[in-house]
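Next comes run_32.csv, with CSV, N, CA and C atoms.
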```csv
chain,number,residue,atom,x,y,z
H,1335,MET,N,-9.2,-23.4,-1.1
H,1335,MET,CA,-8.1,-22.6,-1.1
H,1335,MET,C,-7.5,-22.5,-2.5
H,1336,ASN,N,-7.2,-21.4,-3.0
H,1336,ASN,CA,-6.6,-21.2,-4.3
H,1336,ASN,C,-5.1,-21.5,-4.2
H,1337,ASP,N,-4.5,-22.2,-5.1
H,1337,ASP,CA,-3.1,-22.6,-5.1
H,1337,ASP,C,-2.5,-22.1,-6.4
H,1338,VAL,N,-1.4,-21.4,-6.3
H,1338,VAL,CA,-0.7,-20.9,-7.5
H,1338,VAL,C,-0.5,-22.1,-8.5
H,1339,ARG,N,-0.1,-23.3,-8.0
H,1339,ARG,CA,0.2,-24.4,-8.9
H,1339,ARG,C,-1.0,-24.8,-9.7
H,1340,SER,N,-2.2,-24.8,-9.1
H,1340,SER,CA,-3.4,-25.3,-9.8
H,1340,SER,C,-4.2,-24.2,-10.5
H,1341,SER,N,-3.8,-23.0,-10.4
H,1341,SER,CA,-4.6,-21.9,-11.1
H,1341,SER,C,-3.8,-21.2,-12.1
H,1342,GLN,N,-2.8,-21.9,-12.8
H,1342,GLN,CA,-2.0,-21.2,-13.8
H,1342,GLN,C,-2.8,-20.7,-14.9
H,1343,ASN,N,-3.8,-21.4,-15.4
H,1343,ASN,CA,-4.6,-20.9,-16.5
H,1343,ASN,C,-5.3,-19.6,-16.1
H,1344,LEU,N,-5.9,-19.6,-14.9
H,1344,LEU,CA,-6.5,-18.4,-14.5
H,1344,LEU,C,-5.5,-17.2,-14.4
H,1345,MET,N,-4.3,-17.5,-13.8
H,1345,MET,CA,-3.3,-16.5,-13.7
H,1345,MET,C,-2.9,-16.0,-15.1
H,1346,LYS,N,-2.7,-16.9,-16.1
H,1346,LYS,CA,-2.3,-16.5,-17.4
H,1346,LYS,C,-3.3,-15.6,-18.0
H,1347,LYS,N,-4.6,-15.9,-17.8
H,1347,LYS,CA,-5.7,-15.0,-18.3
H,1347,LYS,C,-5.6,-13.6,-17.7
H,1348,GLU,N,-5.3,-13.6,-16.4
H,1348,GLU,CA,-5.4,-12.3,-15.7
H,1348,GLU,C,-4.1,-11.5,-15.9
H,1349,ILE,N,-2.9,-12.1,-15.9
H,1349,ILE,CA,-1.7,-11.3,-15.9
H,1349,ILE,C,-0.7,-11.7,-17.0
H,1350,GLY,N,-1.1,-12.6,-17.9
H,1350,GLY,CA,-0.2,-13.0,-19.0
H,1350,GLY,C,0.8,-14.1,-18.7
H,1351,ALA,N,1.3,-14.7,-19.7
H,1351,ALA,CA,2.1,-15.9,-19.5
H,1351,ALA,C,3.5,-15.6,-18.9
H,1352,GLU,N,4.1,-14.5,-19.3
H,1352,GLU,CA,5.4,-14.2,-18.8
H,1352,GLU,C,5.4,-13.9,-17.3
H,1353,LEU,N,4.5,-13.1,-16.9
H,1353,LEU,CA,4.4,-12.7,-15.4
H,1353,LEU,C,3.9,-14.0,-14.6
H,1354,THR,N,3.1,-14.8,-15.2
H,1354,THR,CA,2.7,-16.0,-14.5
H,1354,THR,C,3.9,-16.9,-14.3
H,1355,LYS,N,4.7,-17.0,-15.3
H,1355,LYS,CA,5.9,-17.9,-15.1
H,1355,LYS,C,6.8,-17.3,-14.0
H,1356,ALA,N,7.0,-16.0,-14.0
H,1356,ALA,CA,7.8,-15.3,-12.9
H,1356,ALA,C,7.2,-15.5,-11.5
H,1357,VAL,N,5.9,-15.5,-11.4
H,1357,VAL,CA,5.2,-15.7,-10.1
H,1357,VAL,C,5.4,-17.1,-9.7
H,1358,LYS,N,5.2,-18.0,-10.6
H,1358,LYS,CA,5.4,-19.5,-10.2
H,1358,LYS,C,6.9,-19.7,-9.8
H,1359,LYS,N,7.8,-19.1,-10.5
H,1359,LYS,CA,9.2,-19.3,-10.1
H,1359,LYS,C,9.5,-18.8,-8.7
H,1360,ARG,N,8.9,-17.6,-8.4
H,1360,ARG,CA,9.1,-17.1,-7.0
H,1360,ARG,C,8.4,-18.0,-6.0
H,1361,TYR,N,7.2,-18.5,-6.3
H,1361,TYR,CA,6.5,-19.4,-5.5
H,1361,TYR,C,7.3,-20.6,-5.2
H,1362,ASN,N,7.9,-21.2,-6.2
H,1362,ASN,CA,8.7,-22.4,-6.0
H,1362,ASN,C,9.9,-22.1,-5.2
H,1363,GLN,N,10.5,-21.0,-5.3
H,1363,GLN,CA,11.6,-20.6,-4.4
H,1363,GLN,C,11.2,-20.5,-3.0
H,1364,ILE,N,10.1,-19.9,-2.8
H,1364,ILE,CA,9.5,-19.8,-1.4
H,1364,ILE,C,9.3,-21.1,-0.8
H,1365,MET,N,8.8,-22.1,-1.5
H,1365,MET,CA,8.4,-23.4,-1.0
H,1365,MET,C,9.7,-24.2,-0.6
H,1366,ALA,N,10.9,-23.8,-1.1
H,1366,ALA,CA,12.1,-24.5,-0.8
H,1366,ALA,C,12.6,-24.2,0.6
H,1367,PHE,N,12.1,-23.2,1.3
H,1367,PHE,CA,12.5,-22.8,2.6
H,1367,PHE,C,11.7,-23.5,3.7
H,1368,SER,N,12.4,-23.8,4.8
H,1368,SER,CA,11.7,-24.5,5.9
H,1368,SER,C,11.1,-23.6,6.9
H,1369,SER,N,11.4,-22.3,6.8
H,1369,SER,CA,10.8,-21.3,7.7
H,1369,SER,C,10.8,-19.9,7.1
H,1370,PHE,N,9.9,-19.1,7.6
H,1370,PHE,CA,9.8,-17.7,7.1
H,1370,PHE,C,11.2,-17.0,7.3
H,1371,SER,N,11.7,-17.2,8.5
H,1371,SER,CA,13.0,-16.6,8.8
H,1371,SER,C,14.1,-16.9,7.8
H,1372,ALA,N,14.2,-18.2,7.4
H,1372,ALA,CA,15.2,-18.7,6.4
H,1372,ALA,C,14.9,-17.9,5.1
H,1373,LEU,N,13.7,-17.8,4.7
H,1373,LEU,CA,13.4,-17.1,3.5
H,1373,LEU,C,13.8,-15.6,3.6
H,1374,GLN,N,13.6,-15.0,4.7
H,1374,GLN,CA,14.0,-13.6,4.9
H,1374,GLN,C,15.5,-13.4,4.8
H,1375,GLN,N,16.2,-14.4,5.4
H,1375,GLN,CA,17.7,-14.3,5.4
H,1375,GLN,C,18.3,-14.6,4.0
H,1376,SER,N,17.5,-15.2,3.2
H,1376,SER,CA,18.1,-15.7,1.9
H,1376,SER,C,18.3,-14.5,0.9
H,1377,GLY,N,17.5,-13.4,1.0
H,1377,GLY,CA,17.7,-12.3,0.1
H,1377,GLY,C,16.9,-12.5,-1.2
H,1378,ILE,N,16.2,-13.6,-1.4
H,1378,ILE,CA,15.4,-13.9,-2.6
H,1378,ILE,C,14.3,-12.9,-2.6
H,1379,GLY,N,14.1,-12.3,-3.8
H,1379,GLY,CA,13.0,-11.4,-4.0
H,1379,GLY,C,13.2,-10.0,-3.3
H,1380,LYS,N,14.3,-9.8,-2.7
H,1380,LYS,CA,14.6,-8.5,-2.0
H,1380,LYS,C,13.4,-8.2,-1.1
H,1381,MET,N,13.1,-9.1,-0.2
H,1381,MET,CA,11.9,-9.0,0.7
H,1381,MET,C,11.9,-7.7,1.4
H,1382,GLU,N,10.7,-7.0,1.5
H,1382,GLU,CA,10.5,-5.8,2.3
H,1382,GLU,C,9.3,-5.9,3.1
H,1383,SER,N,9.3,-5.5,4.3
H,1383,SER,CA,8.1,-5.5,5.2
H,1383,SER,C,7.3,-4.3,4.8
H,1384,LEU,N,6.0,-4.5,4.8
H,1384,LEU,CA,5.0,-3.5,4.4
H,1384,LEU,C,4.5,-2.7,5.6
H,1385,GLU,N,3.9,-1.6,5.4
H,1385,GLU,CA,3.4,-0.7,6.5
H,1385,GLU,C,2.0,-0.4,6.3
H,1386,GLY,N,1.4,0.4,7.2
H,1386,GLY,CA,0.0,0.8,7.1
H,1386,GLY,C,-0.9,-0.3,7.1
H,1387,ASP,N,-1.9,-0.3,6.1
H,1387,ASP,CA,-2.9,-1.3,6.0
H,1387,ASP,C,-2.3,-2.7,5.8
H,1388,HIS,N,-1.1,-2.8,5.3
H,1388,HIS,CA,-0.5,-4.1,5.0
H,1388,HIS,C,0.6,-4.5,6.0
H,1389,LYS,N,0.6,-3.8,7.2
H,1389,LYS,CA,1.5,-4.2,8.2
H,1389,LYS,C,1.4,-5.7,8.5
H,1390,GLY,N,2.6,-6.3,8.6
H,1390,GLY,CA,2.6,-7.8,8.9
H,1390,GLY,C,2.8,-8.6,7.6
H,1391,SER,N,2.6,-7.9,6.5
H,1391,SER,CA,2.8,-8.6,5.2
H,1391,SER,C,4.2,-8.1,4.6
H,1392,TYR,N,4.6,-8.9,3.7
H,1392,TYR,CA,5.9,-8.7,3.0
H,1392,TYR,C,5.8,-8.8,1.5
H,1393,SER,N,6.6,-8.0,0.8
H,1393,SER,CA,6.6,-8.0,-0.6
H,1393,SER,C,7.9,-8.7,-1.1
H,1394,LEU,N,7.8,-9.5,-2.1
H,1394,LEU,CA,8.9,-10.1,-2.8
H,1394,LEU,C,8.9,-9.7,-4.3
H,1395,ARG,N,10.0,-9.2,-4.8
H,1395,ARG,CA,10.0,-8.8,-6.2
H,1395,ARG,C,9.8,-10.0,-7.1
H,1396,VAL,N,8.9,-9.8,-8.1
H,1396,VAL,CA,8.7,-10.8,-9.2
H,1396,VAL,C,9.4,-10.2,-10.4
H,1397,SER,N,9.3,-8.9,-10.6
H,1397,SER,CA,9.9,-8.2,-11.7
H,1397,SER,C,10.1,-6.7,-11.2
H,1398,ALA,N,10.5,-5.9,-12.1
H,1398,ALA,CA,10.7,-4.5,-11.7
H,1398,ALA,C,9.5,-3.8,-11.1
H,1399,ASN,N,8.3,-4.0,-11.6
H,1399,ASN,CA,7.1,-3.4,-11.1
H,1399,ASN,C,6.2,-4.3,-10.2
H,1400,TYR,N,6.4,-5.6,-10.3
H,1400,TYR,CA,5.4,-6.5,-9.7
H,1400,TYR,C,6.0,-7.2,-8.5
H,1401,ARG,N,5.1,-7.3,-7.5
H,1401,ARG,CA,5.5,-7.9,-6.2
H,1401,ARG,C,4.5,-9.0,-5.8
H,1402,LEU,N,5.0,-10.0,-5.2
H,1402,LEU,CA,4.2,-11.1,-4.6
H,1402,LEU,C,4.1,-10.7,-3.2
H,1403,ILE,N,2.9,-10.6,-2.7
H,1403,ILE,CA,2.7,-10.2,-1.3
H,1403,ILE,C,2.3,-11.5,-0.4
H,1404,VAL,N,3.1,-11.7,0.6
H,1404,VAL,CA,2.9,-12.8,1.5
H,1404,VAL,C,2.8,-12.3,2.9
H,1405,LYS,N,2.2,-13.2,3.7
H,1405,LYS,CA,2.1,-12.9,5.2
H,1405,LYS,C,2.4,-14.2,5.9
H,1406,PRO,N,3.3,-14.1,6.9
H,1406,PRO,CA,3.6,-15.3,7.7
H,1406,PRO,C,2.4,-15.6,8.6
H,1407,LYS,N,2.0,-16.8,8.7
H,1407,LYS,CA,0.9,-17.2,9.6
H,1407,LYS,C,1.5,-17.5,11.0
H,1408,THR,N,1.5,-16.5,11.8
H,1408,THR,CA,2.1,-16.5,13.1
H,1408,THR,C,1.4,-15.6,14.1
H,1409,GLU,N,1.5,-15.8,15.3
H,1409,GLU,CA,0.8,-15.0,16.3
H,1409,GLU,C,1.4,-13.6,16.4
H,1410,ASP,N,2.7,-13.5,16.3
H,1410,ASP,CA,3.4,-12.2,16.3
H,1410,ASP,C,4.6,-12.2,15.3
H,1411,LEU,N,5.2,-11.1,15.1
H,1411,LEU,CA,6.3,-10.9,14.2
H,1411,LEU,C,7.6,-10.9,14.9
H,1412,GLY,N,7.7,-11.5,16.1
H,1412,GLY,CA,9.0,-11.6,16.8
H,1412,GLY,C,9.9,-12.6,16.1
H,1413,ALA,N,11.2,-12.5,16.4
H,1413,ALA,CA,12.2,-13.3,15.7
H,1413,ALA,C,11.9,-14.8,16.0
H,1414,GLU,N,11.6,-15.2,17.2
H,1414,GLU,CA,11.3,-16.6,17.6
H,1414,GLU,C,10.1,-17.1,16.8
H,1415,SER,N,9.1,-16.3,16.7
H,1415,SER,CA,7.8,-16.8,16.0
H,1415,SER,C,8.1,-17.0,14.6
H,1416,LEU,N,8.9,-16.1,14.0
H,1416,LEU,CA,9.2,-16.2,12.5
H,1416,LEU,C,10.1,-17.4,12.2
H,1417,LYS,N,11.0,-17.7,13.2
H,1417,LYS,CA,11.9,-18.9,13.0
H,1417,LYS,C,11.0,-20.2,13.0
H,1418,LYS,N,9.9,-20.2,13.8
H,1418,LYS,CA,9.1,-21.4,13.8
H,1418,LYS,C,8.0,-21.4,12.7
H,1419,CYS,N,7.8,-20.2,12.1
H,1419,CYS,CA,6.7,-20.1,11.1
H,1419,CYS,C,7.1,-20.9,9.8
H,1420,ASP,N,6.2,-21.8,9.5
H,1420,ASP,CA,6.4,-22.6,8.2
H,1420,ASP,C,5.2,-22.5,7.3
H,1421,ILE,N,4.3,-21.5,7.6
H,1421,ILE,CA,3.1,-21.3,6.7
H,1421,ILE,C,3.1,-19.9,6.3
H,1422,LEU,N,3.0,-19.7,5.0
H,1422,LEU,CA,2.8,-18.3,4.4
H,1422,LEU,C,1.5,-18.2,3.7
H,1423,ILE,N,0.8,-17.1,3.9
H,1423,ILE,CA,-0.4,-16.8,3.2
H,1423,ILE,C,0.0,-15.9,2.0
H,1424,ILE,N,-0.3,-16.4,0.8
H,1424,ILE,CA,-0.1,-15.6,-0.4
H,1424,ILE,C,-1.3,-14.7,-0.6
H,1425,GLU,N,-1.1,-13.4,-0.4
H,1425,GLU,CA,-2.2,-12.4,-0.5
H,1425,GLU,C,-2.5,-12.0,-1.9
H,1426,GLY,N,-1.5,-12.1,-2.8
H,1426,GLY,CA,-1.7,-11.7,-4.2
H,1426,GLY,C,-0.5,-11.1,-4.8
H,1427,VAL,N,-0.7,-10.6,-6.0
H,1427,VAL,CA,0.3,-10.0,-6.8
H,1427,VAL,C,-0.1,-8.6,-7.1
H,1428,ILE,N,0.8,-7.6,-6.9
H,1428,ILE,CA,0.5,-6.2,-7.1
H,1428,ILE,C,1.4,-5.6,-8.1
H,1429,ASP,N,0.9,-4.6,-8.8
H,1429,ASP,CA,1.7,-3.7,-9.6
H,1429,ASP,C,2.1,-2.6,-8.6
H,1430,TYR,N,3.4,-2.6,-8.2
H,1430,TYR,CA,3.9,-1.7,-7.2
H,1430,TYR,C,3.7,-0.2,-7.5
H,1431,HIS,N,3.8,0.0,-8.8
H,1431,HIS,CA,3.7,1.4,-9.3
H,1431,HIS,C,2.2,1.8,-9.5
H,1432,GLY,N,1.3,0.9,-9.6
H,1432,GLY,CA,-0.1,1.0,-9.5
H,1432,GLY,C,-0.9,2.0,-10.3
H,1433,LYS,N,-0.4,2.5,-11.4
H,1433,LYS,CA,-1.1,3.4,-12.3
H,1433,LYS,C,-1.8,4.5,-11.5
H,1434,GLY,N,-1.0,5.2,-10.8
H,1434,GLY,CA,-1.6,6.4,-10.1
H,1434,GLY,C,-1.9,6.1,-8.6
H,1435,LYS,N,-1.9,4.8,-8.3
H,1435,LYS,CA,-2.2,4.5,-6.9
H,1435,LYS,C,-0.9,3.8,-6.3
H,1436,LYS,N,-0.8,3.7,-5.0
H,1436,LYS,CA,0.3,3.1,-4.4
H,1436,LYS,C,0.4,1.6,-4.8
H,1437,PHE,N,-0.7,0.9,-4.7
H,1437,PHE,CA,-0.8,-0.5,-5.0
H,1437,PHE,C,-2.0,-0.8,-5.9
H,1438,SER,N,-1.8,-1.5,-7.0
H,1438,SER,CA,-2.8,-2.0,-7.9
H,1438,SER,C,-2.8,-3.5,-7.9
H,1439,TRP,N,-3.8,-4.1,-7.3
H,1439,TRP,CA,-3.8,-5.6,-7.2
H,1439,TRP,C,-4.1,-6.2,-8.5
H,1440,LEU,N,-3.3,-7.1,-8.9
H,1440,LEU,CA,-3.5,-7.9,-10.1
H,1440,LEU,C,-4.2,-9.2,-9.8
H,1441,ILE,N,-3.8,-9.8,-8.7
H,1441,ILE,CA,-4.4,-11.1,-8.3
H,1441,ILE,C,-4.6,-10.9,-6.8
H,1442,PRO,N,-5.9,-10.6,-6.4
H,1442,PRO,CA,-6.1,-10.4,-4.9
H,1442,PRO,C,-6.2,-11.7,-4.2
```

Hey, can you dump this file as structure tokens for me?
Amino acid sequence: MNDVRSSQNLMKKEIGAELTKAVKKRYNQIMAFSSFSALQQSGIGKMESLEGDHKGSYSLRVSANYRLIVKPKTEDLGAESLKKCDILIIEGVIDYHGKGKKFSWLIP
């Protein structure tokens, strides 16, 4: 499993030092919460639920154009399941404006 904390050099190579620092900061903020529901209620990263192919995933702002995409590891997206959910899958970092596309993955 790739872990943001142990892959900083790879991230710096792919997205640069400044964005790597911002992603790590957001990651550390996420780790401070005991449940996905608590993270949602915090307002950190202006979390938004995604639709279409990414339904069930959420974006958290890292900067103006970049988003960290996470997905709660739960059977369903009901309020009770999200309160119990304490595992997030980090799907990657995207350029939300995507250079002509809706999403351009920087770190898949």

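Residues with any atom within 6.5 Å of the point (7.7, -8.5, 0.8), counting all atoms listed in the file, are Lys1380, Met1381, Glu1382, Ser1383, Leu1384, Ser1391, Tyr1392, Ser1393, Leu1394, Arg1395, Leu1402, Ile1403 and Val1404 of chain H.
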
Provide the atom CA of H:His1388 to atom CA of H:Val1427 distance in Å, to one decimal place.
13.2 Å

Choose the residue, out of H:His1431, H:Lys1405, H:Lys1389, H:Lys1355, that has the smallest atom-to-atom separation from H:Cys1419; count only C-alpha atoms.
H:Lys1405

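Reported to one decimal place, the separation of atom CA of H:Ile1423 from atom C of H:Lys1407 is 8.1 Å.
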
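With all atoms listed in the file as the atoms that count, the residue of H:Leu1440, H:Ala1398, H:Ala1372, H:Ala1351 with the shortest distance to H:Gly1426 is H:Leu1440.
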
So which bits of stretch 1346-1440 of chain H end up alpha helix (DSSP H) when you DSSP the backbone, as a ChimeraX atom specification?
/H:1346-1349,1351-1365,1370-1376,1413-1418

Mind dumping the selected residues with N, CA and C atoms as a short mmCIF file (atom, residue, chain, number, x, y, z; two decimals), keeping the file's coordinate frame?
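Result file follows (out03.cif):
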```cif
data_model
loop_
_atom_site.label_atom_id
_atom_site.label_comp_id
_atom_site.auth_asym_id
_atom_site.auth_seq_id
_atom_site.Cartn_x
_atom_site.Cartn_y
_atom_site.Cartn_z
N LYS H 1346 -2.70 -16.90 -16.10
CA LYS H 1346 -2.30 -16.50 -17.40
C LYS H 1346 -3.30 -15.60 -18.00
N LYS H 1347 -4.60 -15.90 -17.80
CA LYS H 1347 -5.70 -15.00 -18.30
C LYS H 1347 -5.60 -13.60 -17.70
N GLU H 1348 -5.30 -13.60 -16.40
CA GLU H 1348 -5.40 -12.30 -15.70
C GLU H 1348 -4.10 -11.50 -15.90
N ILE H 1349 -2.90 -12.10 -15.90
CA ILE H 1349 -1.70 -11.30 -15.90
C ILE H 1349 -0.70 -11.70 -17.00
N ALA H 1351 1.30 -14.70 -19.70
CA ALA H 1351 2.10 -15.90 -19.50
C ALA H 1351 3.50 -15.60 -18.90
N GLU H 1352 4.10 -14.50 -19.30
CA GLU H 1352 5.40 -14.20 -18.80
C GLU H 1352 5.40 -13.90 -17.30
N LEU H 1353 4.50 -13.10 -16.90
CA LEU H 1353 4.40 -12.70 -15.40
C LEU H 1353 3.90 -14.00 -14.60
N THR H 1354 3.10 -14.80 -15.20
CA THR H 1354 2.70 -16.00 -14.50
C THR H 1354 3.90 -16.90 -14.30
N LYS H 1355 4.70 -17.00 -15.30
CA LYS H 1355 5.90 -17.90 -15.10
C LYS H 1355 6.80 -17.30 -14.00
N ALA H 1356 7.00 -16.00 -14.00
CA ALA H 1356 7.80 -15.30 -12.90
C ALA H 1356 7.20 -15.50 -11.50
N VAL H 1357 5.90 -15.50 -11.40
CA VAL H 1357 5.20 -15.70 -10.10
C VAL H 1357 5.40 -17.10 -9.70
N LYS H 1358 5.20 -18.00 -10.60
CA LYS H 1358 5.40 -19.50 -10.20
C LYS H 1358 6.90 -19.70 -9.80
N LYS H 1359 7.80 -19.10 -10.50
CA LYS H 1359 9.20 -19.30 -10.10
C LYS H 1359 9.50 -18.80 -8.70
N ARG H 1360 8.90 -17.60 -8.40
CA ARG H 1360 9.10 -17.10 -7.00
C ARG H 1360 8.40 -18.00 -6.00
N TYR H 1361 7.20 -18.50 -6.30
CA TYR H 1361 6.50 -19.40 -5.50
C TYR H 1361 7.30 -20.60 -5.20
N ASN H 1362 7.90 -21.20 -6.20
CA ASN H 1362 8.70 -22.40 -6.00
C ASN H 1362 9.90 -22.10 -5.20
N GLN H 1363 10.50 -21.00 -5.30
CA GLN H 1363 11.60 -20.60 -4.40
C GLN H 1363 11.20 -20.50 -3.00
N ILE H 1364 10.10 -19.90 -2.80
CA ILE H 1364 9.50 -19.80 -1.40
C ILE H 1364 9.30 -21.10 -0.80
N MET H 1365 8.80 -22.10 -1.50
CA MET H 1365 8.40 -23.40 -1.00
C MET H 1365 9.70 -24.20 -0.60
N PHE H 1370 9.90 -19.10 7.60
CA PHE H 1370 9.80 -17.70 7.10
C PHE H 1370 11.20 -17.00 7.30
N SER H 1371 11.70 -17.20 8.50
CA SER H 1371 13.00 -16.60 8.80
C SER H 1371 14.10 -16.90 7.80
N ALA H 1372 14.20 -18.20 7.40
CA ALA H 1372 15.20 -18.70 6.40
C ALA H 1372 14.90 -17.90 5.10
N LEU H 1373 13.70 -17.80 4.70
CA LEU H 1373 13.40 -17.10 3.50
C LEU H 1373 13.80 -15.60 3.60
N GLN H 1374 13.60 -15.00 4.70
CA GLN H 1374 14.00 -13.60 4.90
C GLN H 1374 15.50 -13.40 4.80
N GLN H 1375 16.20 -14.40 5.40
CA GLN H 1375 17.70 -14.30 5.40
C GLN H 1375 18.30 -14.60 4.00
N SER H 1376 17.50 -15.20 3.20
CA SER H 1376 18.10 -15.70 1.90
C SER H 1376 18.30 -14.50 0.90
N ALA H 1413 11.20 -12.50 16.40
CA ALA H 1413 12.20 -13.30 15.70
C ALA H 1413 11.90 -14.80 16.00
N GLU H 1414 11.60 -15.20 17.20
CA GLU H 1414 11.30 -16.60 17.60
C GLU H 1414 10.10 -17.10 16.80
N SER H 1415 9.10 -16.30 16.70
CA SER H 1415 7.80 -16.80 16.00
C SER H 1415 8.10 -17.00 14.60
N LEU H 1416 8.90 -16.10 14.00
CA LEU H 1416 9.20 -16.20 12.50
C LEU H 1416 10.10 -17.40 12.20
N LYS H 1417 11.00 -17.70 13.20
CA LYS H 1417 11.90 -18.90 13.00
C LYS H 1417 11.00 -20.20 13.00
N LYS H 1418 9.90 -20.20 13.80
CA LYS H 1418 9.10 -21.40 13.80
C LYS H 1418 8.00 -21.40 12.70
#
```

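Taking only N, CA and C atoms, the non-local environment of H:Lys1418 within 6.5 Å (same-chain residues fewer than 4 positions away omitted) comprises Ser1369, Phe1370, Ser1371, Ala1413 and Glu1414 of chain H.
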
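One finds atom C of H:Gln1374 at 16.7 Å from atom C of H:Val1396.
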
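Comparing the minimum interatomic distances between H:Ser1368 and each of H:Ala1356, H:Ile1421, H:Leu1411, H:Ile1349, counting all atoms listed in the file, we find that H:Ile1421 sits nearest.
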
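Among the candidates H:Gly1350, H:Leu1373, H:Ser1438, H:Tyr1430, the one nearest to H:Tyr1400 when counting all atoms listed in the file is H:Tyr1430.
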
Complete stretch 1389-1400 of chain H at the level of N, CA, C and O atoms, written as a PDB file, in the coordinates of the input.
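Just written: selection-v2.pdb:
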```
ATOM      1  N   LYS H1389       0.600  -3.800   7.200  1.00  0.00           N
ATOM      2  CA  LYS H1389       1.500  -4.200   8.200  1.00  0.00           C
ATOM      3  C   LYS H1389       1.400  -5.700   8.500  1.00  0.00           C
ATOM      4  O   LYS H1389       0.329  -6.195   8.696  1.00  0.00           O
ATOM      5  N   GLY H1390       2.600  -6.300   8.600  1.00  0.00           N
ATOM      6  CA  GLY H1390       2.600  -7.800   8.900  1.00  0.00           C
ATOM      7  C   GLY H1390       2.800  -8.600   7.600  1.00  0.00           C
ATOM      8  O   GLY H1390       2.974  -9.778   7.695  1.00  0.00           O
ATOM      9  N   SER H1391       2.600  -7.900   6.500  1.00  0.00           N
ATOM     10  CA  SER H1391       2.800  -8.600   5.200  1.00  0.00           C
ATOM     11  C   SER H1391       4.200  -8.100   4.600  1.00  0.00           C
ATOM     12  O   SER H1391       4.749  -7.140   5.044  1.00  0.00           O
ATOM     13  N   TYR H1392       4.600  -8.900   3.700  1.00  0.00           N
ATOM     14  CA  TYR H1392       5.900  -8.700   3.000  1.00  0.00           C
ATOM     15  C   TYR H1392       5.800  -8.800   1.500  1.00  0.00           C
ATOM     16  O   TYR H1392       5.008  -9.542   1.021  1.00  0.00           O
ATOM     17  N   SER H1393       6.600  -8.000   0.800  1.00  0.00           N
ATOM     18  CA  SER H1393       6.600  -8.000  -0.600  1.00  0.00           C
ATOM     19  C   SER H1393       7.900  -8.700  -1.100  1.00  0.00           C
ATOM     20  O   SER H1393       8.969  -8.493  -0.498  1.00  0.00           O
ATOM     21  N   LEU H1394       7.800  -9.500  -2.100  1.00  0.00           N
ATOM     22  CA  LEU H1394       8.900 -10.100  -2.800  1.00  0.00           C
ATOM     23  C   LEU H1394       8.900  -9.700  -4.300  1.00  0.00           C
ATOM     24  O   LEU H1394       7.815  -9.868  -4.887  1.00  0.00           O
ATOM     25  N   ARG H1395      10.000  -9.200  -4.800  1.00  0.00           N
ATOM     26  CA  ARG H1395      10.000  -8.800  -6.200  1.00  0.00           C
ATOM     27  C   ARG H1395       9.800 -10.000  -7.100  1.00  0.00           C
ATOM     28  O   ARG H1395      10.438 -11.043  -6.931  1.00  0.00           O
ATOM     29  N   VAL H1396       8.900  -9.800  -8.100  1.00  0.00           N
ATOM     30  CA  VAL H1396       8.700 -10.800  -9.200  1.00  0.00           C
ATOM     31  C   VAL H1396       9.400 -10.200 -10.400  1.00  0.00           C
ATOM     32  O   VAL H1396       9.997 -10.951 -11.193  1.00  0.00           O
ATOM     33  N   SER H1397       9.300  -8.900 -10.600  1.00  0.00           N
ATOM     34  CA  SER H1397       9.900  -8.200 -11.700  1.00  0.00           C
ATOM     35  C   SER H1397      10.100  -6.700 -11.200  1.00  0.00           C
ATOM     36  O   SER H1397       9.827  -6.439 -10.061  1.00  0.00           O
ATOM     37  N   ALA H1398      10.500  -5.900 -12.100  1.00  0.00           N
ATOM     38  CA  ALA H1398      10.700  -4.500 -11.700  1.00  0.00           C
ATOM     39  C   ALA H1398       9.500  -3.800 -11.100  1.00  0.00           C
ATOM     40  O   ALA H1398       9.640  -3.139 -10.071  1.00  0.00           O
ATOM     41  N   ASN H1399       8.300  -4.000 -11.600  1.00  0.00           N
ATOM     42  CA  ASN H1399       7.100  -3.400 -11.100  1.00  0.00           C
ATOM     43  C   ASN H1399       6.200  -4.300 -10.200  1.00  0.00           C
ATOM     44  O   ASN H1399       5.347  -3.804  -9.523  1.00  0.00           O
ATOM     45  N   TYR H1400       6.400  -5.600 -10.300  1.00  0.00           N
ATOM     46  CA  TYR H1400       5.400  -6.500  -9.700  1.00  0.00           C
ATOM     47  C   TYR H1400       6.000  -7.200  -8.500  1.00  0.00           C
ATOM     48  O   TYR H1400       7.155  -7.558  -8.446  1.00  0.00           O
TER      49      TYR H1400
END
```
